[in-house]
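Structure file structure22.cif (mmCIF, C-alpha atoms) is printed below.
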data_entry
loop_
_atom_site.label_atom_id
_atom_site.label_comp_id
_atom_site.auth_asym_id
_atom_site.auth_seq_id
_atom_site.Cartn_x
_atom_site.Cartn_y
_atom_site.Cartn_z
CA MET A 1 9.07 -29.58 18.89
CA GLY A 2 7.00 -28.52 15.87
CA ARG A 3 8.22 -25.72 13.65
CA LEU A 4 5.39 -23.42 14.75
CA GLU A 5 4.61 -24.93 18.16
CA LYS A 6 5.09 -21.72 20.15
CA CYS A 7 3.22 -19.72 17.50
CA ALA A 8 0.26 -22.10 17.83
CA GLU A 9 0.36 -21.85 21.63
CA LEU A 10 0.44 -18.05 21.47
CA GLN A 11 -2.40 -18.03 18.97
CA ALA A 12 -4.57 -20.15 21.28
CA ARG A 13 -3.80 -17.77 24.13
CA ALA A 14 -4.39 -14.66 22.01
CA GLN A 15 -7.77 -15.84 20.75
CA LYS A 16 -9.10 -15.75 24.31
CA SER A 17 -8.71 -11.95 24.43
CA ILE A 18 -8.38 -10.79 20.77
CA PRO A 19 -10.76 -11.67 17.89
CA LEU A 20 -8.94 -14.24 15.71
CA GLY A 21 -5.92 -13.65 17.95
CA VAL A 22 -4.68 -10.76 15.79
CA ASN A 23 -5.23 -6.99 15.69
CA SER A 24 -5.62 -6.69 11.91
CA ASN A 25 -7.54 -9.26 9.86
CA GLY A 26 -4.77 -9.65 7.28
CA ARG A 27 -2.44 -11.10 9.92
CA PHE A 28 -4.61 -14.18 10.43
CA TRP A 29 -3.49 -17.09 8.23
CA GLY A 30 -5.42 -19.88 9.91
CA LYS A 31 -5.26 -22.13 12.95
CA GLY A 32 -1.78 -23.34 13.78
CA ILE A 33 -0.13 -21.64 10.79
CA THR A 34 -0.40 -17.98 11.76
CA PRO A 35 3.10 -16.64 12.58
CA TYR A 36 3.71 -14.55 15.69
CA PHE A 37 6.53 -12.00 15.54
CA LYS A 38 9.51 -11.97 17.88
CA LYS A 39 11.95 -9.53 16.28
CA GLY A 40 13.13 -8.02 13.03
CA LYS A 41 16.48 -6.77 11.79
CA GLY A 42 17.43 -5.64 8.32
CA SER A 43 15.59 -7.70 5.72
CA CYS A 44 14.61 -10.51 8.09
CA VAL A 45 12.11 -11.33 10.82
CA TRP A 46 12.01 -14.09 13.44
CA ASP A 47 8.90 -15.71 14.90
CA VAL A 48 8.46 -16.77 18.51
CA ASP A 49 9.70 -20.27 17.61
CA GLY A 50 13.01 -18.77 16.46
CA ASN A 51 12.38 -19.39 12.76
CA LYS A 52 14.09 -16.82 10.53
CA TYR A 53 12.49 -15.45 7.36
CA VAL A 54 13.68 -13.18 4.56
CA ASP A 55 10.69 -10.85 4.54
CA TYR A 56 8.93 -9.49 1.43
CA ARG A 57 5.77 -8.39 3.24
CA LEU A 58 7.58 -5.68 5.22
CA ALA A 59 4.43 -4.97 7.27
CA PHE A 60 2.51 -4.49 3.99
CA GLY A 61 5.13 -2.04 2.73
CA PRO A 62 6.24 0.46 5.39
CA VAL A 63 9.69 -0.99 6.11
CA ILE A 64 11.52 0.74 3.26
CA LEU A 65 14.99 0.88 4.88
CA GLY A 66 14.91 -2.32 6.94
CA TYR A 67 13.83 -3.48 10.37
CA ALA A 68 15.43 -1.82 13.40
CA TYR A 69 17.33 0.60 11.18
CA ASP A 70 19.82 2.15 13.60
CA GLU A 71 19.89 5.74 12.36
CA VAL A 72 16.09 6.01 12.38
CA ASP A 73 15.65 4.29 15.73
CA ASN A 74 18.39 6.34 17.39
CA GLN A 75 16.78 9.60 16.29
CA VAL A 76 13.42 8.43 17.64
CA ILE A 77 14.98 7.40 20.96
CA GLU A 78 16.71 10.76 21.40
CA THR A 79 13.57 12.68 20.46
CA ILE A 80 11.17 10.91 22.82
CA LYS A 81 13.38 11.72 25.79
CA ASN A 82 11.87 15.21 25.59
CA GLY A 83 8.27 13.97 25.58
CA VAL A 84 6.09 12.28 23.00
CA THR A 85 2.72 14.04 22.77
CA PRO A 86 2.80 17.60 24.12
CA GLY A 87 -0.30 18.87 22.31
CA ILE A 88 1.83 21.73 20.98
CA THR A 89 3.40 21.76 17.53
CA SER A 90 7.13 21.08 17.42
CA GLU A 91 9.80 22.32 15.06
CA LEU A 92 10.38 18.72 14.04
CA GLU A 93 6.84 18.53 12.61
CA VAL A 94 7.53 21.63 10.53
CA GLU A 95 10.77 20.09 9.26
CA VAL A 96 8.96 16.91 8.18
CA ALA A 97 6.32 18.94 6.33
CA GLU A 98 9.03 20.97 4.61
CA ARG A 99 10.86 17.80 3.57
CA ILE A 100 7.69 16.24 2.08
CA ILE A 101 6.98 19.40 0.10
CA GLU A 102 10.59 19.52 -1.09
CA MET A 103 10.50 15.90 -2.31
CA CYS A 104 6.98 15.74 -3.79
CA PRO A 105 6.46 18.19 -6.70
CA ALA A 106 2.64 18.43 -6.54
CA THR A 107 2.43 18.96 -2.78
CA GLU A 108 2.49 22.61 -1.65
CA MET A 109 1.02 22.26 1.86
CA VAL A 110 0.69 19.22 4.10
CA ARG A 111 -0.82 18.00 7.36
CA LEU A 112 0.60 15.12 9.42
CA VAL A 113 -1.78 12.42 10.67
CA ASN A 114 -1.37 8.90 12.06
CA THR A 115 -2.46 6.30 9.50
CA GLY A 116 -3.15 5.88 5.81
CA SER A 117 -6.85 5.65 6.61
CA ASP A 118 -6.61 9.00 8.39
CA ALA A 119 -4.92 10.55 5.38
CA THR A 120 -7.44 9.39 2.79
CA GLN A 121 -10.43 10.12 5.03
CA HIS A 122 -9.32 13.69 5.65
CA SER A 123 -8.56 14.21 1.97
CA LEU A 124 -12.12 13.18 1.12
CA ARG A 125 -13.48 15.73 3.59
CA VAL A 126 -11.30 18.47 2.13
CA ALA A 127 -12.38 17.58 -1.41
CA ARG A 128 -16.05 17.65 -0.48
CA ALA A 129 -15.67 20.94 1.37
CA TYR A 130 -13.70 22.55 -1.47
CA THR A 131 -16.06 21.47 -4.27
CA GLY A 132 -19.34 21.56 -2.37
CA LYS A 133 -20.17 18.11 -3.78
CA ASP A 134 -20.59 14.74 -2.05
CA LYS A 135 -19.98 11.77 -4.34
CA ILE A 136 -16.62 10.02 -4.70
CA ILE A 137 -15.43 7.84 -7.58
CA LYS A 138 -13.11 4.93 -6.76
CA PHE A 139 -11.97 1.94 -8.78
CA GLU A 140 -12.88 -1.70 -8.22
CA GLY A 141 -10.23 -3.50 -6.18
CA GLY A 142 -8.74 -0.27 -4.87
CA TYR A 143 -8.10 -0.14 -1.14
CA HIS A 144 -8.02 3.30 0.47
CA GLY A 145 -8.48 2.58 4.17
CA SER A 146 -10.58 0.57 6.60
CA TYR A 147 -13.39 3.08 7.19
CA ASP A 148 -16.94 2.94 5.85
CA TYR A 149 -16.69 5.53 3.04
CA MET A 150 -14.07 3.60 1.07
CA LEU A 151 -14.85 -0.07 1.75
CA PHE A 152 -16.80 -0.67 -1.43
CA SER A 153 -15.88 -3.14 -4.20
CA THR A 154 -12.63 -3.82 -2.38
CA TYR A 155 -12.56 -7.48 -1.29
CA ALA A 156 -15.62 -9.03 -2.93
CA PRO A 157 -15.07 -11.27 -5.98
CA PRO A 158 -15.51 -9.25 -9.17
CA SER A 159 -18.24 -11.67 -10.22
CA VAL A 160 -20.62 -9.65 -8.03
CA TYR A 161 -19.57 -6.26 -9.42
CA GLY A 162 -22.22 -6.37 -12.16
CA ASN A 163 -21.81 -5.43 -15.81
CA ARG A 164 -18.81 -3.19 -16.41
CA ARG A 165 -21.05 -0.63 -18.17
CA SER A 166 -23.15 -0.27 -15.02
CA PRO A 167 -21.08 -1.53 -12.06
CA ILE A 168 -22.56 -2.40 -8.68
CA SER A 169 -20.87 -0.95 -5.59
CA VAL A 170 -20.46 -3.81 -3.11
CA ALA A 171 -19.86 -3.15 0.60
CA ALA A 172 -16.77 -5.03 1.81
CA SER A 173 -18.04 -5.62 5.34
CA SER A 174 -21.11 -6.02 7.46
CA GLY A 175 -21.80 -2.92 9.51
CA ILE A 176 -21.40 -0.39 6.69
CA PRO A 177 -24.55 1.77 6.45
CA ALA A 178 -26.46 1.19 3.21
CA ALA A 179 -26.96 4.96 2.91
CA LEU A 180 -23.26 5.39 2.09
CA ASN A 181 -23.78 3.52 -1.17
CA ASP A 182 -25.37 6.68 -2.56
CA LEU A 183 -22.10 8.55 -2.01
CA ILE A 184 -19.75 6.17 -3.84
CA ILE A 185 -19.39 5.29 -7.52
CA THR A 186 -17.18 2.31 -8.31
CA LEU A 187 -15.74 1.72 -11.78
CA PRO A 188 -13.33 -0.69 -13.45
CA PHE A 189 -9.75 0.62 -13.48
CA ASN A 190 -8.18 1.68 -16.79
CA ASP A 191 -11.49 2.32 -18.59
CA LEU A 192 -11.25 5.96 -19.65
CA GLU A 193 -14.33 5.74 -21.88
CA LEU A 194 -16.51 4.57 -19.02
CA LEU A 195 -14.96 7.16 -16.69
CA GLU A 196 -15.86 9.93 -19.15
CA ALA A 197 -19.42 8.63 -19.50
CA THR A 198 -19.72 8.63 -15.71
CA PHE A 199 -18.45 12.21 -15.52
CA LYS A 200 -21.02 13.30 -18.12
CA ARG A 201 -23.80 11.77 -16.03
CA TYR A 202 -22.64 12.54 -12.48
CA GLY A 203 -19.86 15.12 -12.75
CA HIS A 204 -22.01 17.82 -11.15
CA GLU A 205 -22.31 15.60 -8.04
CA VAL A 206 -18.73 14.25 -7.82
CA ALA A 207 -16.24 15.86 -5.44
CA ALA A 208 -13.23 13.66 -6.21
CA VAL A 209 -11.76 10.65 -7.92
CA ILE A 210 -9.41 8.66 -5.68
CA THR A 211 -6.92 6.21 -7.12
CA GLU A 212 -3.54 4.68 -6.42
CA PRO A 213 -0.83 4.88 -9.08
CA MET A 214 -1.65 1.16 -9.49
CA LEU A 215 -4.01 -1.17 -7.68
CA GLY A 216 -1.67 -1.93 -4.79
CA ASN A 217 -3.97 -4.44 -3.08
CA PHE A 218 -5.35 -6.21 -6.12
CA GLY A 219 -2.59 -7.68 -8.22
CA SER A 220 -0.75 -4.38 -8.80
CA ALA A 221 -2.65 -3.50 -11.96
CA ASP A 222 -0.73 -0.70 -13.69
CA PRO A 223 -2.42 2.16 -15.54
CA VAL A 224 -2.41 1.89 -19.32
CA PRO A 225 -0.67 4.72 -21.21
CA GLY A 226 -2.83 7.83 -21.22
CA PHE A 227 -5.23 6.75 -18.47
CA MET A 228 -3.90 9.03 -15.74
CA ASP A 229 -3.53 11.95 -18.16
CA GLY A 230 -7.09 11.41 -19.29
CA LEU A 231 -8.29 11.24 -15.69
CA ARG A 232 -6.54 14.54 -14.95
CA SER A 233 -8.17 16.21 -17.97
CA LEU A 234 -11.63 14.96 -17.06
CA CYS A 235 -11.27 16.19 -13.48
CA ASP A 236 -10.33 19.65 -14.76
CA LYS A 237 -13.22 19.70 -17.20
CA TYR A 238 -15.87 18.77 -14.63
CA GLY A 239 -14.53 20.59 -11.56
CA VAL A 240 -13.59 17.35 -9.77
CA LEU A 241 -10.50 16.92 -7.58
CA TRP A 242 -8.02 14.12 -8.19
CA ILE A 243 -6.81 12.44 -5.00
CA LEU A 244 -3.71 10.33 -5.63
CA ASP A 245 -3.41 7.70 -2.91
CA GLU A 246 0.32 7.16 -2.42
CA VAL A 247 -0.02 5.43 0.94
CA LYS A 248 1.81 2.44 -0.57
CA THR A 249 3.84 4.04 -3.36
CA GLY A 250 4.86 7.36 -1.82
CA PHE A 251 8.59 7.29 -1.02
CA ARG A 252 8.68 3.63 -2.11
CA ILE A 253 8.77 3.80 -5.91
CA ALA A 254 10.82 7.03 -5.92
CA ARG A 255 11.92 9.74 -3.50
CA GLY A 256 8.90 11.79 -4.47
CA GLY A 257 6.60 8.89 -5.27
CA ALA A 258 4.53 8.72 -8.46
CA GLN A 259 4.47 12.53 -8.64
CA GLU A 260 8.19 12.50 -9.26
CA LYS A 261 8.48 9.27 -11.24
CA TYR A 262 5.62 9.89 -13.66
CA GLY A 263 5.03 13.62 -13.41
CA TYR A 264 1.49 13.25 -12.11
CA LYS A 265 -0.17 16.44 -10.88
CA PRO A 266 -2.96 15.49 -8.49
CA ASP A 267 -4.90 18.03 -6.46
CA LEU A 268 -4.41 16.10 -3.21
CA THR A 269 -2.05 13.26 -2.27
CA THR A 270 -1.97 10.87 0.68
CA TYR A 271 1.16 9.35 2.24
CA ALA A 272 1.91 6.79 4.96
CA LYS A 273 3.79 3.46 5.19
CA SER A 274 7.31 4.17 3.79
CA LEU A 275 7.18 7.71 5.14
CA GLY A 276 8.40 6.47 8.54
CA ASN A 277 10.08 3.08 7.95
CA GLY A 278 7.45 1.39 10.09
CA TYR A 279 6.73 4.11 12.63
CA PRO A 280 3.03 5.09 12.63
CA VAL A 281 3.00 8.28 10.60
CA ALA A 282 0.98 9.53 7.65
CA ALA A 283 0.24 12.77 5.83
CA TYR A 284 -2.02 14.33 3.25
CA GLY A 285 -1.35 17.42 1.21
CA GLY A 286 -1.76 19.15 -2.10
CA LYS A 287 -2.30 22.49 -3.74
CA LYS A 288 -2.06 25.44 -1.39
CA GLU A 289 -5.38 26.84 -2.57
CA ILE A 290 -7.14 23.63 -1.56
CA MET A 291 -5.24 22.82 1.64
CA SER A 292 -5.70 26.36 2.93
CA ILE A 293 -9.35 25.63 3.73
CA VAL A 294 -8.28 23.19 6.48
CA GLY A 295 -8.99 24.98 9.74
CA GLN A 296 -11.15 27.51 7.90
CA GLY A 297 -14.44 25.77 8.57
CA VAL A 298 -12.97 22.36 7.72
CA THR A 299 -12.18 20.17 10.71
CA GLN A 300 -9.09 18.03 11.09
CA GLY A 301 -7.59 17.12 14.43
CA GLY A 302 -5.79 14.30 16.16
CA THR A 303 -4.26 13.96 19.60
CA TYR A 304 -1.35 11.96 18.23
CA ALA A 305 -1.00 13.73 14.86
CA GLY A 306 2.64 14.77 14.47
CA ASN A 307 3.72 13.12 17.74
CA ALA A 308 7.43 12.92 18.45
CA VAL A 309 7.79 9.23 17.56
CA ALA A 310 6.09 9.71 14.20
CA ALA A 311 7.84 12.95 13.30
CA ALA A 312 11.30 11.73 14.30
CA GLY A 313 10.85 8.49 12.36
CA ALA A 314 9.68 10.38 9.27
CA LYS A 315 12.42 12.99 9.42
CA ALA A 316 15.18 10.40 9.74
CA THR A 317 13.72 8.21 6.99
CA LEU A 318 13.32 11.07 4.52
CA ASP A 319 16.81 12.39 5.28
CA ILE A 320 18.32 8.98 4.50
CA MET A 321 16.34 8.73 1.27
CA LYS A 322 17.54 12.14 0.20
CA ARG A 323 21.18 11.43 1.08
CA GLU A 324 21.67 7.82 0.00
CA LYS A 325 20.88 5.74 -3.10
CA VAL A 326 18.03 3.92 -1.41
CA HIS A 327 15.78 3.54 -4.43
CA GLU A 328 18.59 2.65 -6.80
CA HIS A 329 19.55 -0.26 -4.54
CA ILE A 330 15.96 -1.41 -4.11
CA ASP A 331 15.38 -1.31 -7.87
CA ALA A 332 18.51 -3.41 -8.45
CA VAL A 333 17.67 -6.21 -6.00
CA GLY A 334 13.99 -6.10 -6.96
CA THR A 335 14.83 -6.45 -10.65
CA LYS A 336 17.09 -9.42 -9.88
CA LEU A 337 14.29 -11.09 -7.90
CA GLN A 338 11.70 -10.47 -10.63
CA LYS A 339 13.93 -11.85 -13.40
CA GLY A 340 14.99 -14.87 -11.35
CA MET A 341 11.44 -15.86 -10.46
CA LYS A 342 10.21 -15.37 -14.02
CA GLU A 343 12.93 -17.74 -15.25
CA ILE A 344 12.00 -20.36 -12.62
CA PHE A 345 8.30 -20.23 -13.46
CA ASP A 346 8.91 -20.27 -17.22
CA GLU A 347 11.20 -23.30 -16.93
CA ALA A 348 8.53 -25.10 -14.90
CA GLY A 349 5.83 -24.33 -17.47
CA LEU A 350 3.95 -22.03 -15.11
CA PRO A 351 3.05 -18.95 -17.15
CA CYS A 352 2.86 -15.85 -14.98
CA LEU A 353 2.52 -12.10 -15.18
CA ILE A 354 4.76 -9.87 -13.06
CA SER A 355 3.03 -6.53 -12.57
CA SER A 356 4.45 -3.16 -11.59
CA LEU A 357 7.86 -2.06 -10.30
CA PRO A 358 10.89 -3.77 -8.69
CA SER A 359 10.17 -2.13 -5.32
CA ILE A 360 6.54 -3.32 -5.20
CA PHE A 361 5.16 -5.96 -7.55
CA THR A 362 2.75 -8.88 -7.85
CA ILE A 363 3.00 -12.31 -9.46
CA SER A 364 -0.18 -13.64 -11.08
CA PHE A 365 -0.38 -17.12 -12.60
CA GLY A 366 -2.42 -18.03 -15.65
CA ILE A 367 -3.21 -14.55 -16.98
CA GLU A 368 -1.54 -12.49 -19.68
CA ARG A 369 -2.88 -9.09 -18.69
CA ASN A 370 -4.03 -7.33 -15.54
CA LEU A 371 -5.82 -4.11 -16.37
CA ASP A 372 -8.34 -4.22 -13.53
CA ALA A 373 -9.82 -6.37 -10.77
CA ARG A 374 -12.00 -8.18 -13.30
CA ASP A 375 -8.90 -9.33 -15.19
CA TRP A 376 -7.05 -10.37 -12.07
CA CYS A 377 -9.87 -12.59 -10.76
CA LYS A 378 -9.04 -15.05 -13.56
CA ALA A 379 -5.56 -15.70 -12.08
CA ASP A 380 -4.72 -19.00 -10.36
CA GLY A 381 -4.66 -17.89 -6.73
CA LYS A 382 -4.50 -21.47 -5.41
CA LEU A 383 -1.18 -22.13 -7.17
CA TYR A 384 0.24 -18.90 -5.78
CA LYS A 385 -0.83 -19.82 -2.25
CA LYS A 386 0.81 -23.26 -2.51
CA ILE A 387 4.10 -21.64 -3.51
CA ALA A 388 3.81 -19.06 -0.72
CA GLU A 389 3.17 -21.81 1.84
CA LYS A 390 6.22 -23.82 0.70
CA ALA A 391 8.38 -20.69 0.71
CA PHE A 392 7.26 -19.89 4.26
CA GLU A 393 8.27 -23.38 5.41
CA LYS A 394 11.76 -22.79 3.99
CA GLY A 395 12.31 -19.29 5.40
CA VAL A 396 10.88 -16.81 2.88
CA LEU A 397 7.95 -14.66 4.03
CA ILE A 398 5.57 -13.55 1.29
CA ASP A 399 1.88 -12.93 1.73
CA GLU A 400 -0.37 -15.92 1.12
CA ASP A 401 -2.96 -13.56 -0.35
CA PRO A 402 -2.05 -13.29 -4.05
CA ARG A 403 -3.54 -9.80 -4.24
CA GLU A 404 -0.78 -8.49 -1.98
CA PRO A 405 2.54 -7.38 -3.49
CA PHE A 406 6.14 -8.28 -2.85
CA CYS A 407 7.99 -5.35 -1.25
CA LEU A 408 11.75 -4.77 -1.20
CA SER A 409 13.85 -2.76 1.25
CA TYR A 410 17.22 -1.02 1.34
CA SER A 411 18.45 -3.87 3.58
CA HIS A 412 17.75 -6.66 1.10
CA THR A 413 20.99 -8.00 -0.36
CA ASP A 414 22.05 -10.17 -3.29
CA VAL A 415 22.52 -12.98 -0.75
CA ASP A 416 18.87 -12.61 0.27
CA ILE A 417 17.77 -12.72 -3.37
CA ASP A 418 19.88 -15.81 -4.16
CA PHE A 419 18.47 -17.60 -1.11
CA THR A 420 14.93 -16.61 -2.06
CA LEU A 421 15.31 -17.88 -5.63
CA GLU A 422 16.67 -21.18 -4.30
CA VAL A 423 13.64 -21.50 -2.02
CA ILE A 424 11.20 -20.61 -4.81
CA ARG A 425 12.83 -23.13 -7.16
CA ASP A 426 12.53 -25.82 -4.49
CA ALA A 427 8.89 -24.87 -3.79
CA VAL A 428 8.02 -25.18 -7.48
CA LYS A 429 9.64 -28.64 -7.66
CA HIS A 430 7.56 -29.86 -4.71
CA ILE A 431 4.36 -28.54 -6.24
#
So that I can check it, write out the structure of this file as structure tokens.
Amino acid sequence: MGRLEKCAELQARAQKSIPLGVNSNGRFWGKGITPYFKKGKGSCVWDVDGNKYVDYRLAFGPVILGYAYDEVDNQVIETIKNGVTPGITSELEVEVAERIIEMCPATEMVRLVNTGSDATQHSLRVARAYTGKDKIIKFEGGYHGSYDYMLFSTYAPPSVYGNRRSPISVAASSGIPAALNDLIITLPFNDLELLEATFKRYGHEVAAVITEPMLGNFGSADPVPGFMDGLRSLCDKYGVLWILDEVKTGFRIARGGAQEKYGYKPDLTTYAKSLGNGYPVAAYGGKKEIMSIVGQGVTQGGTYAGNAVAAAGAKATLDIMKREKVHEHIDAVGTKLQKGMKEIFDEAGLPCLISSLPSIFTISFGIERNLDARDWCKADGKLYKKIAEKAFEKGVLIDEDPREPFCLSYSHTDVDIDFTLEVIRDAVKHI
């Protein structure tokens, strides 16, 4: 029997009823090599063929504690016995909102929603309603959800972005109305001079700037010193709101996300992923003055917003983060993994750049800096993919897309890291 024989059979079956045989494009790796999930526990997952993998994708980041984490799952199970979606607000929803506000210094009021896309989309609506302006500034390579407003200059190669002094906004998919191009301004990340010039020209039309603390879906480009402070000052000067997209980093890089770790003071913030350890929950919030307009002529609704599964998962996850040294452990194992891989690649004569933090980071080969998507496009993605493929064969699951980061969980152990480094060393030798 082949190593992925059952996966291939299930893929052939799935493609008869599901486009590509998957329900999210990023899960499709190709014919006969796309894994199909059977179960997960702790730091590991198993496919339908019974192959076990130490997992560093973690569902693109949500699994912060570990798969099938007993305390979280048990609280969800007990909660849903009383009903899942009553259409009436529960005390548990209030407790989750209170916990988010307690942990995140710049968030004074919050609304629960279902996905990261929900959170960013609603935050854009609030920003436009509050400022009375329509345009949004985002940065090239930044991913803020799968809806039309934000899918510009996200996946296309930076070679089509135009000159950095006058960037071209490129739709990331067919089916996005051309008219939306007039509502989005895309800029290279980390270029404060160009951002200021854009504010001088369009500030009277711009409702908000949306950015992650780093480019979480494009090589984890970190902000240069002073960039975020400069962005904050420019927003204040021109009456523009700053939306900090912490869908990936919120509760992952620190208990209170980038707000806590770096002292950022955005007007609005979005959360998802690690908020619920894999349960489908998200939130957006910010200054009370701004959030208070929701429901006052500003629409936001959702049948499943704050449902019992989501709220129970979030409450349990946040309680564990507050009580235990979750982030300290993740930083320790993540640092060990980063250092070990850097040593392996250096010894093999494969220069690489490791970007961002131990809990979420990217490895890029052949470049010395990664300030924006235009820098990252010069990296050797083919080499990265070869290593990822070899690692997958030996039981380590990392994303084959080099733009996607490694993620660590509370369940990863030193044993996992040692095994992973052994696999990476072996993969490099074969290549």
Which value, in Å to one decimal, gives the distance between atom CA of Thr299 of chain A and atom CA of His122 of chain A?
-> 8.7 Å
What's the 10 Å shell around segment 414-422 of chain A, counting all atoms listed in the file, without same-chain residues fewer than 5 positions away, as a PyMOL selection string?
-> chain A and resi 43-44+53-56+332-334+336-341+343-344+391+394-397+427
Let me know the residues the PyMOL selection byres ((chain A and resi 234-244) around 10) catches in the file above, as a PyMOL selection string.
-> chain A and resi 120+123-124+126-128+130-131+133+136-138+192+195-196+199-200+202-213+228-233+245-247+250+258-259+264-271+284-286+290
Identify the residues within 12 Å of coordinate (-4.4, -20.3, 10.1) (same frame as the file), considering only C-alpha atoms, and give the answer as a PDB file with C-alpha atoms, in the frame of the given file.
ATOM      1  CA  LEU A   4       5.390 -23.420  14.750  1.00  0.00           C
ATOM      2  CA  CYS A   7       3.220 -19.720  17.500  1.00  0.00           C
ATOM      3  CA  ALA A   8       0.260 -22.100  17.830  1.00  0.00           C
ATOM      4  CA  GLN A  11      -2.400 -18.030  18.970  1.00  0.00           C
ATOM      5  CA  ALA A  12      -4.570 -20.150  21.280  1.00  0.00           C
ATOM      6  CA  LEU A  20      -8.940 -14.240  15.710  1.00  0.00           C
ATOM      7  CA  GLY A  21      -5.920 -13.650  17.950  1.00  0.00           C
ATOM      8  CA  VAL A  22      -4.680 -10.760  15.790  1.00  0.00           C
ATOM      9  CA  ASN A  25      -7.540  -9.260   9.860  1.00  0.00           C
ATOM     10  CA  GLY A  26      -4.770  -9.650   7.280  1.00  0.00           C
ATOM     11  CA  ARG A  27      -2.440 -11.100   9.920  1.00  0.00           C
ATOM     12  CA  PHE A  28      -4.610 -14.180  10.430  1.00  0.00           C
ATOM     13  CA  TRP A  29      -3.490 -17.090   8.230  1.00  0.00           C
ATOM     14  CA  GLY A  30      -5.420 -19.880   9.910  1.00  0.00           C
ATOM     15  CA  LYS A  31      -5.260 -22.130  12.950  1.00  0.00           C
ATOM     16  CA  GLY A  32      -1.780 -23.340  13.780  1.00  0.00           C
ATOM     17  CA  ILE A  33      -0.130 -21.640  10.790  1.00  0.00           C
ATOM     18  CA  THR A  34      -0.400 -17.980  11.760  1.00  0.00           C
ATOM     19  CA  PRO A  35       3.100 -16.640  12.580  1.00  0.00           C
ATOM     20  CA  TYR A  36       3.710 -14.550  15.690  1.00  0.00           C
ATOM     21  CA  GLU A 389       3.170 -21.810   1.840  1.00  0.00           C
ATOM     22  CA  GLU A 400      -0.370 -15.920   1.120  1.00  0.00           C
TER      23      GLU A 400
END
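Proximity of A:Lys315, A:Lys135, A:Arg111, A:Lys287 to Val96 of chain A, computed with all atoms listed in the file, is greatest for A:Lys315.
Picture a line from atom CA of Ser174 of chain A to atom CA of Ala156 of chain A; it runs 12.1 Å.
When all atoms listed in the file are used to measure the gap to Asp372 of chain A, the shortest distance among A:His430, A:Arg403, A:Lys342, A:Arg323 belongs to A:Arg403.
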Write out as a CSV table (one decimal) with C-alpha atoms, in the coordinates of the input which residues come within 7 Å of segment 60-69 of chain A when counting all atoms listed in the file, dropping same-chain ones fewer than 4 positions away.
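Written out: selection-v3.csv:
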chain,number,residue,atom,x,y,z
A,40,GLY,CA,13.1,-8.0,13.0
A,41,LYS,CA,16.5,-6.8,11.8
A,42,GLY,CA,17.4,-5.6,8.3
A,43,SER,CA,15.6,-7.7,5.7
A,73,ASP,CA,15.6,4.3,15.7
A,248,LYS,CA,1.8,2.4,-0.6
A,252,ARG,CA,8.7,3.6,-2.1
A,273,LYS,CA,3.8,3.5,5.2
A,274,SER,CA,7.3,4.2,3.8
A,277,ASN,CA,10.1,3.1,8.0
A,278,GLY,CA,7.4,1.4,10.1
A,407,CYS,CA,8.0,-5.4,-1.2
A,409,SER,CA,13.8,-2.8,1.2
A,410,TYR,CA,17.2,-1.0,1.3
A,411,SER,CA,18.4,-3.9,3.6
Would you kindly translate the PyMOL selection byres ((chain A and resi 188) around 8) into the concrete residues it picks from this file, as an NGL selection string?
-> :A and (139-140 or 164 or 167 or 186-187 or 189-191 or 372-374)
Counting all atoms listed in the file, the option among A:Val298, A:Ala59, A:Val326, A:Ala171 closest to Gly132 of chain A = A:Val298
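Only residues having an atom at most 9 Å from (7.1, 11.4, -7.5) are included; using all atoms listed in the file, these are Met103, Cys104, Pro105, Ala106, Gly250, Phe251, Ile253, Ala254, Arg255, Gly256, Gly257, Ala258, Gln259, Glu260, Lys261, Tyr262, Gly263 and Tyr264 of chain A.
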Could you write those residues out with C-alpha atoms, as a JSON list (two decimals), in the frame of the given file?
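Result file is part.json:
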[["chain", "number", "residue", "atom", "x", "y", "z"],
["A", 103, "MET", "CA", 10.50, 15.90, -2.31],
["A", 104, "CYS", "CA", 6.98, 15.74, -3.79],
["A", 105, "PRO", "CA", 6.46, 18.19, -6.70],
["A", 106, "ALA", "CA", 2.64, 18.43, -6.54],
["A", 250, "GLY", "CA", 4.86, 7.36, -1.82],
["A", 251, "PHE", "CA", 8.59, 7.29, -1.02],
["A", 253, "ILE", "CA", 8.77, 3.80, -5.91],
["A", 254, "ALA", "CA", 10.82, 7.03, -5.92],
["A", 255, "ARG", "CA", 11.92, 9.74, -3.50],
["A", 256, "GLY", "CA", 8.90, 11.79, -4.47],
["A", 257, "GLY", "CA", 6.60, 8.89, -5.27],
["A", 258, "ALA", "CA", 4.53, 8.72, -8.46],
["A", 259, "GLN", "CA", 4.47, 12.53, -8.64],
["A", 260, "GLU", "CA", 8.19, 12.50, -9.26],
["A", 261, "LYS", "CA", 8.48, 9.27, -11.24],
["A", 262, "TYR", "CA", 5.62, 9.89, -13.66],
["A", 263, "GLY", "CA", 5.03, 13.62, -13.41],
["A", 264, "TYR", "CA", 1.49, 13.25, -12.11]]
Name the residues in contact with Thr115 of chain A at a cut-off of 6 Å, using only C-alpha atoms, excluding same-chain residues fewer than 2 positions from it; report them as JSON, numbers by chain.
-> {"A": [117, 118, 281, 282]}
